[in-house]
2 protein chains.
Amino acid sequence: MWDVYAATGLTIRLPGELLAGLKEIVGESKVVKGDSVAAEPYCKDWTGQFTGTPIAVVRPESTAQVSAIVKLCQEHGTPMVPTGGRTGLCGGGVPTGSGCSIVVSLERMNAVCTVDVGARSITLGAGVILQTAQEQAREQGLAFPLTFGAQGSAMIGGVLSTNAGGSNVVKYGTTRELCIGIEAVLPDGSILNGLTGLRKDNTGYDLKDLLIGAEGTLGIITAAVFKLSPLPRVRTTGFMSLASLADAPAVLNALQDRTGGAVEAYEYMSAAAVEVICREFPETHLPLDAPAETGVFFEVASSRQDDAEAGEDGETRLQHLVFEVLETLMEAGTVLDAMIAQSEQQRIDLWSMRESILEAITANGPAYHMDIALPLASVAEFVTTMDSAVTDMGFVPLTVGHLGDGNLHYALSAAEGKEWTDLPLTRAKEQAFALLMRLNGSFSAEHGIGQSKLDVMRNLKQASQLNAMRKIKQALDPGGLMNPGKFIPKEAS
Amino acid sequence: MWDVYAATGLTIRLPGELLAGLKEIVGESKVVKGDSVAAEPYCKDWTGQFTGTPIAVVRPESTAQVSAIVKLCQEHGTPMVPTGGRTGLCGGGVPTGSGCSIVVSLERMNAVCTVDVGARSITLGAGVILQTAQEQAREQGLAFPLTFGAQGSAMIGGVLSTNAGGSNVVKYGTTRELCIGIEAVLPDGSILNGLTGLRKDNTGYDLKDLLIGAEGTLGIITAAVFKLSPLPRVRTTGFMSLASLADAPAVLNALQDRTGGAVEAYEYMSAAAVEVICREFPETHLPLDAPAETGVFFEVASSRQDDAEAGEDGETRLQHLVFEVLETLMEAGTVLDAMIAQSEQQRIDLWSMRESILEAITANGPAYHMDIALPLASVAEFVTTMDSAVTDMGFVPLTVGHLGDGNLHYALSAAEGKEWTDLPLTRAKEQAFALLMRLNGSFSAEHGIGQSKLDVMRNLKQASQLNAMRKIKQALDPGGLMNPGKFIPKEAS
């Protein structure tokens, strides 16, 4: 009844029945052994930091198959690791090294990609790539507004399971806010069918939002319905230099008020971050004449026809509104300098600059990345205090962030002439997290927990909340088979 | 150790210690016995349909007091019924008749009502009345956009626990979508402190949304933070007659596109509903010359200064945009007739008509109310099919609804000359719910479950979801002491 099977150097006992059962469910060719070449891509993620070897990789194509797989794994007591594009940054979508789990790849669940034009919604299988969903919506004259760097590889199941954010959250919200219903296979194999697309439904606990952002620990999301938005007809994109980061919320509010809440992106780019980008990508066009200590990249977009119409001066109405705001703020001294892209090429250049930051930091040398959120009023205090503290320690902070959401990607790199390994990283982290907690911040704004933040989670998450989480996990997944070793830190023994 | 205490005619054993303990926590005057005159208001709700007598009513004024009360009740095994304004429609906020629970009224938790102007958020204690919160926001030039009939009495704790909706959801979302953090006392007495006001936080299961809409069955919400919006500077309000209810989503989309998503209210008013309003309130101004078979009341609002500016013809820009849409739709034959309020008085008249419907139906005679949601594309099919079916049975359907959300308040009344008690209500309900389920609708769009919809919940809720709910409830409230007899139907024995 039992095979002996070698994975990750360990010899473990695997029920031959399990593999046979999986093959029966999805077909022979859709199951590969974990130590085979075909399984390799599933053993690591985008970061390269997280690796592990599963027993096998199974690739279902329907919700019924996922349900059958979950039931079978429950019978065998086999852990399951749901996976999609593996573009997450915290190792949530790869097996841990223990070699006893089954990877359930949702990549073949990509057949459903249906736009409802009247209801302005889209239904998507878990395996649909985000960019495909965006394109599908656009073809129907609508926008699926979620957008981030990895959108060409990230799959909807992972997008949901990590509650992905990105640069348009300030206008459209996170994945959670865009999603209006999910279908999922619960740990007992039963199917939660919530693809109704209803805008209101007060019939029970909010299971949708419980599964969104749960990183596969409470079930496997197989499909979802999302709200769509009208496609913008006109965009105004620019860059400004603020006198103080503390003014950022007021500047955003001024832009929002004048344009009726049309700001789509409002991104902090510190002078040091821009400097590194220019160093690594010398062809970068600096948007302003002088470096901006507090740079903000912004994009305002409107679907209104009258906003897209050009006045006598050739400016669109939207551009005119943005100019008016900037003028007022420059007179007030809040904005020191500003530019607005005058061509699509200038717009692309601005976006390229923003999007090249992670690559630039990586090329620049070793760095420690934090993905934190702060109350809007405390962003400036955090940055000022920490920048000063870590600079004294020999670091250079390379900070960008989704300023409209209070979300900073705060990265520490070594100052020129400093050896990374000589720097007091532990002390810097401790100080940053202590300040973050004092300011009521979050130690994971949009990347999630996965494997990489389990320690931080154990140390910093409120005990009442961690307890409640453990109770919920235990109740819905008593065997602990759904994506174990992620998201919820083990209790100290 | 035990007193004998009479409540609701039952003689039950009450630990004298419990009352003494409660008094110690909140003070002598803040605990009243359940059969006293002072407790009477807490024994029934707005509908008058749900009554019950508790052991006592306790009125804490701080989260620490709520926590102490919960811990004490847990020690004594005493059920707790959290309550606020008791304006719910399903009996969630009143004790059941069994006479063994403590009512925990949050009304004194109203001291916190703080606007953060820069972050555009408001922090509110559970006992703050919705209208007070609206006023507080308005004083700071911002809008707390949640709005519904009972806003002068409804308290924030109840608003959250029922995930209240109302007529502005089409633009601003339900309570859930407006709330960005809660503070709550969990069933074990621990405090979940989530009043950070963060816009992004991916550190664990979404406990906020689990507690919102849970009707007090997983804990007691003590405070919350909500997003605020810019105050509209200009509104355009009107009424139109559609050629077909099936066109409603397209008409809404046309209005949204032209105005950049500025539609705040989009309300269906059937001819029969308007007729009853005119009968009961003869001073009602009919908005159009002829009765509209498919009437839609709408309001479009903008915070943009340029939308509020009047052109040469004296029209505001917003009004101009709405006129343009209506003109196009009238030419296309989709809109048969339409009017736009030309004065604040006309606007108030339109709102009065919309808001008097429940009173008019009540005055009109016996009626059965359904609060249902449908996918936008299926609203017309439901109304057409059911209207015809129930009319044949001798009913008159009096339907209004939040059309932008697919939410119908579908009420059945007796046709002229018919005796209510003679009509086949059970058959009509069965047929309506069967059709609703076939069309993937919800049997409770915004009113919740409480006591009144437990049977429907038992019969119609998906088994996988009901199971998951029961497991979560059991995990977080193993003694079943939080608002028992509500929300989750008992399993058939």
# chains A, B, ... in the order shown; residues from 1 in each chain; ligands from 1

call {"tool": "closest_atom_pairs", "arguments": {"of": "chain B", "to": "chain A", "cutoff": "7 Å", "atoms": "only C-alpha atoms", "output": "Markdown table"}}
result
| residue | atom | partner | partner_atom | distance |
| --- | --- | --- | --- | --- |
| B:Gly118 | CA | A:Pro249 | CA | 5.8 |
| B:Ala119 | CA | A:Leu376 | CA | 5.8 |
| B:Ser190 | CA | A:Ser464 | CA | 5.8 |
| B:Ile191 | CA | A:Ser464 | CA | 6.3 |
| B:Leu192 | CA | A:Ser464 | CA | 5.8 |
| B:Thr196 | CA | A:Asn440 | CA | 5.6 |
| B:Gly197 | CA | A:Pro375 | CA | 5.9 |
| B:Leu198 | CA | A:Pro375 | CA | 5.2 |
| B:Arg199 | CA | A:Asp405 | CA | 5.2 |
| B:Lys200 | CA | A:Ala445 | CA | 5.1 |
| B:Asp201 | CA | A:Ala445 | CA | 4.4 |
| B:Asn202 | CA | A:Gly448 | CA | 5.0 |
| B:Thr203 | CA | A:Ser444 | CA | 5.7 |
| B:Gly204 | CA | A:Ala214 | CA | 6.9 |
| B:Tyr205 | CA | A:Ala214 | CA | 5.8 |
| B:Asp206 | CA | A:Leu210 | CA | 5.4 |
| B:Asp209 | CA | A:Asp206 | CA | 6.3 |
| B:Leu210 | CA | A:Asp206 | CA | 5.4 |
| B:Gly213 | CA | A:Tyr205 | CA | 6.8 |
| B:Ala214 | CA | A:Tyr205 | CA | 5.8 |
| B:Pro230 | CA | A:Asp257 | CA | 6.8 |
| B:Pro249 | CA | A:Gly118 | CA | 5.8 |
| B:Ala250 | CA | A:Gly118 | CA | 6.0 |
| B:Asp257 | CA | A:Arg304 | CA | 6.1 |
| B:Arg258 | CA | A:Arg304 | CA | 5.4 |
| B:Thr259 | CA | A:Arg304 | CA | 6.1 |
| B:Gly260 | CA | A:Arg304 | CA | 5.2 |
| B:Ser302 | CA | A:Gly260 | CA | 6.7 |
| B:Ser303 | CA | A:Gly260 | CA | 5.8 |
| B:Arg304 | CA | A:Gly260 | CA | 5.2 |
| B:Gln305 | CA | A:Arg258 | CA | 6.5 |
| B:Ala373 | CA | A:Lys200 | CA | 6.3 |
| B:Leu374 | CA | A:Leu198 | CA | 6.1 |
| B:Pro375 | CA | A:Leu198 | CA | 5.2 |
| B:Leu376 | CA | A:Ala119 | CA | 5.7 |
| B:Ala377 | CA | A:Ala119 | CA | 6.7 |
| B:Asp405 | CA | A:Arg199 | CA | 5.2 |
| B:Gly406 | CA | A:Arg199 | CA | 6.8 |
| B:Asn440 | CA | A:Thr196 | CA | 5.6 |
| B:Ser442 | CA | A:Asp201 | CA | 5.8 |
| B:Ser444 | CA | A:Asn202 | CA | 5.4 |
| B:Ala445 | CA | A:Asp201 | CA | 4.4 |
| B:Glu446 | CA | A:Asn202 | CA | 5.5 |
| B:His447 | CA | A:Asn202 | CA | 6.8 |
| B:Gly448 | CA | A:Asn202 | CA | 5.0 |
| B:Ile449 | CA | A:Thr203 | CA | 6.4 |
| B:Ser464 | CA | A:Leu192 | CA | 5.8 |
| B:Gln465 | CA | A:Leu192 | CA | 6.2 |
| B:Ala468 | CA | A:Leu476 | CA | 6.8 |
| B:Met469 | CA | A:Tyr205 | CA | 6.3 |
| B:Lys471 | CA | A:Ala475 | CA | 5.6 |
| B:Ile472 | CA | A:Ile472 | CA | 5.8 |
| B:Ala475 | CA | A:Lys471 | CA | 5.6 |
| B:Leu476 | CA | A:Lys471 | CA | 6.6 |

call {"tool": "write_last_selection", "arguments": {"atoms": "C-alpha atoms", "output": "compact mmCIF listing (two decimals), in the first residue's frame"}}
result
# COMPACT_ATOMS: atom_id res chain seq x y z
CA GLY B 118 -6.07 65.20 6.39
CA ALA B 119 -6.73 61.46 6.24
CA SER B 190 -10.15 40.15 24.66
CA ILE B 191 -10.05 43.41 22.76
CA LEU B 192 -9.41 43.53 19.05
CA THR B 196 -5.41 52.46 13.18
CA GLY B 197 -7.13 53.95 10.16
CA LEU B 198 -4.70 52.16 7.85
CA ARG B 199 -5.69 51.98 4.20
CA LYS B 200 -3.70 48.78 3.67
CA ASP B 201 -2.92 46.00 6.12
CA ASN B 202 -2.19 42.46 4.95
CA THR B 203 -1.24 40.95 8.28
CA GLY B 204 -3.68 38.15 8.87
CA TYR B 205 -7.28 37.11 8.36
CA ASP B 206 -9.75 39.90 7.75
CA ASP B 209 -15.09 42.09 7.78
CA LEU B 210 -15.86 38.94 9.71
CA GLY B 213 -22.50 42.07 9.40
CA ALA B 214 -22.17 39.32 12.03
CA PRO B 230 -15.50 65.33 -0.09
CA PRO B 249 -28.24 49.16 -15.96
CA ALA B 250 -27.45 50.74 -19.33
CA ASP B 257 -19.86 57.68 -17.81
CA ARG B 258 -20.94 61.21 -18.61
CA THR B 259 -20.48 62.37 -15.02
CA GLY B 260 -17.42 60.37 -14.02
CA SER B 302 -20.19 66.24 -7.56
CA SER B 303 -17.59 67.83 -5.34
CA ARG B 304 -15.92 69.48 -8.34
CA GLN B 305 -16.01 73.23 -8.36
CA ALA B 373 -30.72 41.38 -4.30
CA LEU B 374 -30.27 40.15 -7.84
CA PRO B 375 -27.52 40.27 -10.40
CA LEU B 376 -28.17 43.54 -12.27
CA ALA B 377 -29.02 41.68 -15.46
CA ASP B 405 -27.15 47.61 -6.42
CA GLY B 406 -29.76 45.19 -7.78
CA ASN B 440 -28.60 33.60 -8.11
CA SER B 442 -29.85 36.97 -2.21
CA SER B 444 -31.36 39.38 2.40
CA ALA B 445 -29.65 42.19 0.58
CA GLU B 446 -29.17 44.76 3.31
CA HIS B 447 -31.41 44.01 6.31
CA GLY B 448 -29.63 40.91 7.56
CA ILE B 449 -30.98 37.78 9.21
CA SER B 464 -20.91 24.69 2.48
CA GLN B 465 -21.29 28.25 3.70
CA ALA B 468 -18.27 27.13 7.59
CA MET B 469 -20.28 29.73 9.50
CA LYS B 471 -17.53 26.18 12.57
CA ILE B 472 -16.39 29.77 12.89
CA ALA B 475 -14.53 28.31 17.35
CA LEU B 476 -14.85 31.92 18.47

call {"tool": "select_by_dssp", "arguments": {"residues": "segment 240-305 of chain B", "states": "helix (DSSP H, G or I)", "output": "list in words"}}
result
Leu245, Ala246, Asp247, Ala248, Pro249, Ala250, Val251, Leu252, Asn253, Ala254, Leu255, Gln256, Asp257, Arg258, Thr259, Ala271, Ala272, Ala273, Val274, Glu275, Val276, Ile277, Cys278, Arg279, Glu280 and Gln305 of chain B

call {"tool": "residues_around", "arguments": {"residues": "Gly21 of chain B", "least_positions_apart": "3", "cutoff": "12 Å", "atoms": "only C-alpha atoms", "output": "PyMOL selection string"}}
result
chain B and resi 15-18+24-28+30-31+58+65+68-73+75-76

call {"tool": "write_last_selection", "arguments": {"atoms": "N, CA and C atoms", "output": "PDB file, in the first residue's frame"}}
result
ATOM      1  N   PRO B  15     -27.519  34.005  39.043  1.00  0.00           N
ATOM      2  CA  PRO B  15     -26.515  34.259  40.058  1.00  0.00           C
ATOM      3  C   PRO B  15     -26.573  35.712  40.510  1.00  0.00           C
ATOM      4  N   GLY B  16     -26.860  35.925  41.765  1.00  0.00           N
ATOM      5  CA  GLY B  16     -26.867  37.272  42.318  1.00  0.00           C
ATOM      6  C   GLY B  16     -25.535  37.950  42.099  1.00  0.00           C
ATOM      7  N   GLU B  17     -24.528  37.151  42.102  1.00  0.00           N
ATOM      8  CA  GLU B  17     -23.178  37.656  41.823  1.00  0.00           C
ATOM      9  C   GLU B  17     -23.085  38.390  40.497  1.00  0.00           C
ATOM     10  N   LEU B  18     -23.823  37.900  39.521  1.00  0.00           N
ATOM     11  CA  LEU B  18     -23.738  38.486  38.183  1.00  0.00           C
ATOM     12  C   LEU B  18     -24.180  39.945  38.223  1.00  0.00           C
ATOM     13  N   GLU B  24     -20.660  46.549  39.641  1.00  0.00           N
ATOM     14  CA  GLU B  24     -19.292  46.928  39.985  1.00  0.00           C
ATOM     15  C   GLU B  24     -18.556  47.465  38.747  1.00  0.00           C
ATOM     16  N   ILE B  25     -18.868  46.867  37.623  1.00  0.00           N
ATOM     17  CA  ILE B  25     -18.168  47.275  36.387  1.00  0.00           C
ATOM     18  C   ILE B  25     -18.639  48.645  35.899  1.00  0.00           C
ATOM     19  N   VAL B  26     -19.951  48.844  35.827  1.00  0.00           N
ATOM     20  CA  VAL B  26     -20.465  50.062  35.175  1.00  0.00           C
ATOM     21  C   VAL B  26     -21.078  51.064  36.149  1.00  0.00           C
ATOM     22  N   GLY B  27     -21.223  50.698  37.382  1.00  0.00           N
ATOM     23  CA  GLY B  27     -21.880  51.586  38.339  1.00  0.00           C
ATOM     24  C   GLY B  27     -23.340  51.181  38.530  1.00  0.00           C
ATOM     25  N   GLU B  28     -23.796  51.348  39.724  1.00  0.00           N
ATOM     26  CA  GLU B  28     -25.141  50.951  40.161  1.00  0.00           C
ATOM     27  C   GLU B  28     -26.239  51.396  39.180  1.00  0.00           C
ATOM     28  N   LYS B  30     -26.251  52.116  36.139  1.00  0.00           N
ATOM     29  CA  LYS B  30     -26.175  51.712  34.737  1.00  0.00           C
ATOM     30  C   LYS B  30     -26.581  50.257  34.520  1.00  0.00           C
ATOM     31  N   VAL B  31     -27.142  49.655  35.566  1.00  0.00           N
ATOM     32  CA  VAL B  31     -27.693  48.302  35.439  1.00  0.00           C
ATOM     33  C   VAL B  31     -29.149  48.357  35.893  1.00  0.00           C
ATOM     34  N   VAL B  58     -27.509  46.457  30.771  1.00  0.00           N
ATOM     35  CA  VAL B  58     -26.317  47.102  31.296  1.00  0.00           C
ATOM     36  C   VAL B  58     -25.782  48.063  30.249  1.00  0.00           C
ATOM     37  N   GLN B  65     -14.974  48.457  29.977  1.00  0.00           N
ATOM     38  CA  GLN B  65     -16.184  47.973  30.654  1.00  0.00           C
ATOM     39  C   GLN B  65     -16.858  46.867  29.842  1.00  0.00           C
ATOM     40  N   ALA B  68     -14.956  43.745  30.397  1.00  0.00           N
ATOM     41  CA  ALA B  68     -15.213  43.168  31.724  1.00  0.00           C
ATOM     42  C   ALA B  68     -16.587  42.501  31.778  1.00  0.00           C
ATOM     43  N   ILE B  69     -17.563  43.124  31.136  1.00  0.00           N
ATOM     44  CA  ILE B  69     -18.916  42.539  31.100  1.00  0.00           C
ATOM     45  C   ILE B  69     -18.894  41.194  30.381  1.00  0.00           C
ATOM     46  N   VAL B  70     -18.209  41.160  29.249  1.00  0.00           N
ATOM     47  CA  VAL B  70     -18.160  39.916  28.470  1.00  0.00           C
ATOM     48  C   VAL B  70     -17.477  38.819  29.288  1.00  0.00           C
ATOM     49  N   LYS B  71     -16.380  39.170  29.936  1.00  0.00           N
ATOM     50  CA  LYS B  71     -15.693  38.155  30.747  1.00  0.00           C
ATOM     51  C   LYS B  71     -16.578  37.655  31.880  1.00  0.00           C
ATOM     52  N   LEU B  72     -17.285  38.579  32.527  1.00  0.00           N
ATOM     53  CA  LEU B  72     -18.163  38.189  33.630  1.00  0.00           C
ATOM     54  C   LEU B  72     -19.295  37.287  33.140  1.00  0.00           C
ATOM     55  N   CYS B  73     -19.906  37.669  32.024  1.00  0.00           N
ATOM     56  CA  CYS B  73     -21.000  36.851  31.477  1.00  0.00           C
ATOM     57  C   CYS B  73     -20.476  35.468  31.062  1.00  0.00           C
ATOM     58  N   GLU B  75     -18.057  33.864  32.518  1.00  0.00           N
ATOM     59  CA  GLU B  75     -17.916  33.102  33.767  1.00  0.00           C
ATOM     60  C   GLU B  75     -19.252  32.518  34.216  1.00  0.00           C
ATOM     61  N   HIS B  76     -20.302  33.311  34.021  1.00  0.00           N
ATOM     62  CA  HIS B  76     -21.627  32.876  34.487  1.00  0.00           C
ATOM     63  C   HIS B  76     -22.403  32.103  33.427  1.00  0.00           C
TER      64      HIS B  76
END

call {"tool": "closest_residue", "arguments": {"among": "A:Thr132, A:Ser244, A:Ser161, A:Thr147", "to": "Glu264 of chain A", "atoms": "only C-alpha atoms"}}
result
A:Thr147

call {"tool": "residues_around", "arguments": {"residues": "segment 295-300 of chain A", "least_positions_apart": "5", "cutoff": "7 Å", "atoms": "only C-alpha atoms", "output": "list of chain:residue names"}}
result
A:Arg235, A:Thr236, A:Thr237, A:Gly238, A:Phe239, A:Met240, A:Ser241, A:Leu242, A:Ala262, A:Val263, A:Glu264, A:Ala265, A:Tyr266, A:Glu267, A:Tyr268, A:Met269, A:Ser270, A:Ala271

call {"tool": "closest_residue", "arguments": {"among": "B:Ser101, B:Arg347, B:Val383, B:Val276", "to": "Ser413 of chain B", "atoms": "only C-alpha atoms"}}
result
B:Val276

call {"tool": "closest_residue", "arguments": {"among": "A:Met80, A:Cys179, A:Ile348, A:Val37", "to": "Thr123 of chain A", "atoms": "only C-alpha atoms"}}
result
A:Cys179

call {"tool": "atom_distance", "arguments": {"atom1": "atom CA of Leu255 of chain B", "atom2": "atom CA of Leu329 of chain B"}}
result
10.0 Å

call {"tool": "residues_around", "arguments": {"residues": "Thr63 of chain B", "least_positions_apart": "2", "cutoff": "10 Å", "atoms": "only C-alpha atoms", "output": "list in words"}}
result
Pro60, Glu61, Gln65, Val66, Ser67, Ala68, Ile69, Leu106, Met109, Gly125, Ala126, Glu183, Ala184, Val185, Ile191, Ile220, Ile221, Thr222 and Ala223 of chain B

call {"tool": "write_last_selection", "arguments": {"atoms": "all heavy atoms", "output": "short mmCIF file (atom, residue, chain, number, x, y, z; two decimals), in the first residue's frame"}}
result
data_model
loop_
_atom_site.label_atom_id
_atom_site.label_comp_id
_atom_site.auth_asym_id
_atom_site.auth_seq_id
_atom_site.Cartn_x
_atom_site.Cartn_y
_atom_site.Cartn_z
N PRO B 60 -22.58 50.08 29.43
CA PRO B 60 -21.17 50.45 29.63
C PRO B 60 -20.84 51.74 28.89
O PRO B 60 -21.54 52.12 27.96
CB PRO B 60 -20.42 49.27 29.00
CG PRO B 60 -21.35 48.77 27.96
CD PRO B 60 -22.74 48.94 28.51
N GLU B 61 -19.77 52.38 29.32
CA GLU B 61 -19.36 53.60 28.63
C GLU B 61 -17.95 53.51 28.07
O GLU B 61 -17.44 54.47 27.50
CB GLU B 61 -19.49 54.83 29.53
CG GLU B 61 -18.54 54.83 30.71
CD GLU B 61 -18.49 56.20 31.44
OE1 GLU B 61 -19.14 57.15 30.98
OE2 GLU B 61 -17.81 56.27 32.47
N GLN B 65 -14.97 48.46 29.98
CA GLN B 65 -16.18 47.97 30.65
C GLN B 65 -16.86 46.87 29.84
O GLN B 65 -17.32 45.87 30.40
CB GLN B 65 -17.16 49.13 30.89
CG GLN B 65 -16.72 50.10 31.99
CD GLN B 65 -17.74 51.19 32.27
OE1 GLN B 65 -18.79 51.27 31.61
NE2 GLN B 65 -17.45 52.02 33.26
N VAL B 66 -16.92 47.05 28.53
CA VAL B 66 -17.54 46.00 27.70
C VAL B 66 -16.75 44.71 27.86
O VAL B 66 -17.33 43.62 28.03
CB VAL B 66 -17.59 46.43 26.21
CG1 VAL B 66 -18.12 45.28 25.35
CG2 VAL B 66 -18.46 47.66 26.04
N SER B 67 -15.44 44.82 27.84
CA SER B 67 -14.59 43.63 28.00
C SER B 67 -14.86 42.95 29.34
O SER B 67 -15.01 41.72 29.42
CB SER B 67 -13.12 44.05 27.88
OG SER B 67 -12.28 43.01 28.30
N ALA B 68 -14.96 43.74 30.40
CA ALA B 68 -15.21 43.17 31.72
C ALA B 68 -16.59 42.50 31.78
O ALA B 68 -16.75 41.43 32.38
CB ALA B 68 -15.10 44.26 32.79
N ILE B 69 -17.56 43.12 31.14
CA ILE B 69 -18.92 42.54 31.10
C ILE B 69 -18.89 41.19 30.38
O ILE B 69 -19.47 40.21 30.85
CB ILE B 69 -19.91 43.51 30.39
CG1 ILE B 69 -20.13 44.75 31.25
CG2 ILE B 69 -21.23 42.81 30.09
CD1 ILE B 69 -20.81 45.90 30.51
N LEU B 106 -25.02 49.74 23.90
CA LEU B 106 -23.79 50.50 23.62
C LEU B 106 -24.05 52.00 23.57
O LEU B 106 -23.16 52.77 23.19
CB LEU B 106 -23.18 50.01 22.29
CG LEU B 106 -22.39 48.70 22.25
CD1 LEU B 106 -21.18 48.81 23.19
CD2 LEU B 106 -23.20 47.47 22.60
N MET B 109 -21.57 54.63 24.60
CA MET B 109 -20.25 54.63 23.93
C MET B 109 -20.30 55.64 22.78
O MET B 109 -20.06 55.29 21.62
CB MET B 109 -19.93 53.25 23.39
CG MET B 109 -20.03 52.14 24.40
SD MET B 109 -18.50 51.89 25.30
CE MET B 109 -17.47 51.27 23.99
N GLY B 125 -17.46 55.98 18.23
CA GLY B 125 -17.87 54.98 19.20
C GLY B 125 -19.14 54.28 18.73
O GLY B 125 -19.90 54.82 17.91
N ALA B 126 -19.36 53.08 19.23
CA ALA B 126 -20.51 52.28 18.77
C ALA B 126 -21.84 52.94 19.07
O ALA B 126 -22.83 52.67 18.41
CB ALA B 126 -20.45 50.89 19.43
N GLU B 183 -12.81 48.37 16.39
CA GLU B 183 -12.42 47.88 17.70
C GLU B 183 -13.58 47.03 18.18
O GLU B 183 -14.74 47.40 17.99
CB GLU B 183 -12.21 49.06 18.64
CG GLU B 183 -11.81 48.68 20.06
CD GLU B 183 -11.94 49.86 21.01
OE1 GLU B 183 -13.09 50.21 21.38
OE2 GLU B 183 -10.92 50.44 21.38
N ALA B 184 -13.28 45.87 18.76
CA ALA B 184 -14.35 44.99 19.21
C ALA B 184 -13.89 44.18 20.41
O ALA B 184 -12.69 43.95 20.59
CB ALA B 184 -14.77 44.04 18.09
N VAL B 185 -14.86 43.78 21.20
CA VAL B 185 -14.57 42.85 22.28
C VAL B 185 -14.99 41.46 21.78
O VAL B 185 -16.14 41.24 21.41
CB VAL B 185 -15.33 43.22 23.56
CG1 VAL B 185 -15.14 42.16 24.63
CG2 VAL B 185 -14.85 44.58 24.07
N ILE B 191 -9.72 42.25 23.59
CA ILE B 191 -10.05 43.41 22.76
C ILE B 191 -9.28 43.38 21.46
O ILE B 191 -8.05 43.28 21.45
CB ILE B 191 -9.75 44.72 23.53
CG1 ILE B 191 -10.64 44.81 24.77
CG2 ILE B 191 -9.96 45.94 22.63
CD1 ILE B 191 -10.25 45.91 25.74
N ILE B 220 -18.62 42.04 20.25
CA ILE B 220 -19.32 43.31 20.34
C ILE B 220 -18.42 44.41 19.78
O ILE B 220 -17.35 44.68 20.31
CB ILE B 220 -19.69 43.62 21.80
CG1 ILE B 220 -20.58 42.50 22.36
CG2 ILE B 220 -20.38 44.98 21.89
CD1 ILE B 220 -20.95 42.69 23.83
N ILE B 221 -18.86 45.02 18.69
CA ILE B 221 -18.10 46.11 18.10
C ILE B 221 -18.25 47.34 18.99
O ILE B 221 -19.37 47.73 19.33
CB ILE B 221 -18.58 46.41 16.67
CG1 ILE B 221 -18.33 45.18 15.76
CG2 ILE B 221 -17.88 47.64 16.11
CD1 ILE B 221 -18.88 45.31 14.36
N THR B 222 -17.13 47.93 19.37
CA THR B 222 -17.18 49.06 20.30
C THR B 222 -16.84 50.40 19.64
O THR B 222 -17.21 51.45 20.16
CB THR B 222 -16.22 48.82 21.48
OG1 THR B 222 -14.95 48.39 20.97
CG2 THR B 222 -16.77 47.74 22.40
N ALA B 223 -16.14 50.37 18.53
CA ALA B 223 -15.79 51.60 17.82
C ALA B 223 -15.31 51.25 16.42
O ALA B 223 -15.03 50.08 16.13
CB ALA B 223 -14.70 52.37 18.56
#

call {"tool": "atom_distance", "arguments": {"atom1": "atom CA of Pro484 of chain A", "atom2": "atom CA of Arg86 of chain A"}}
result
16.5 Å
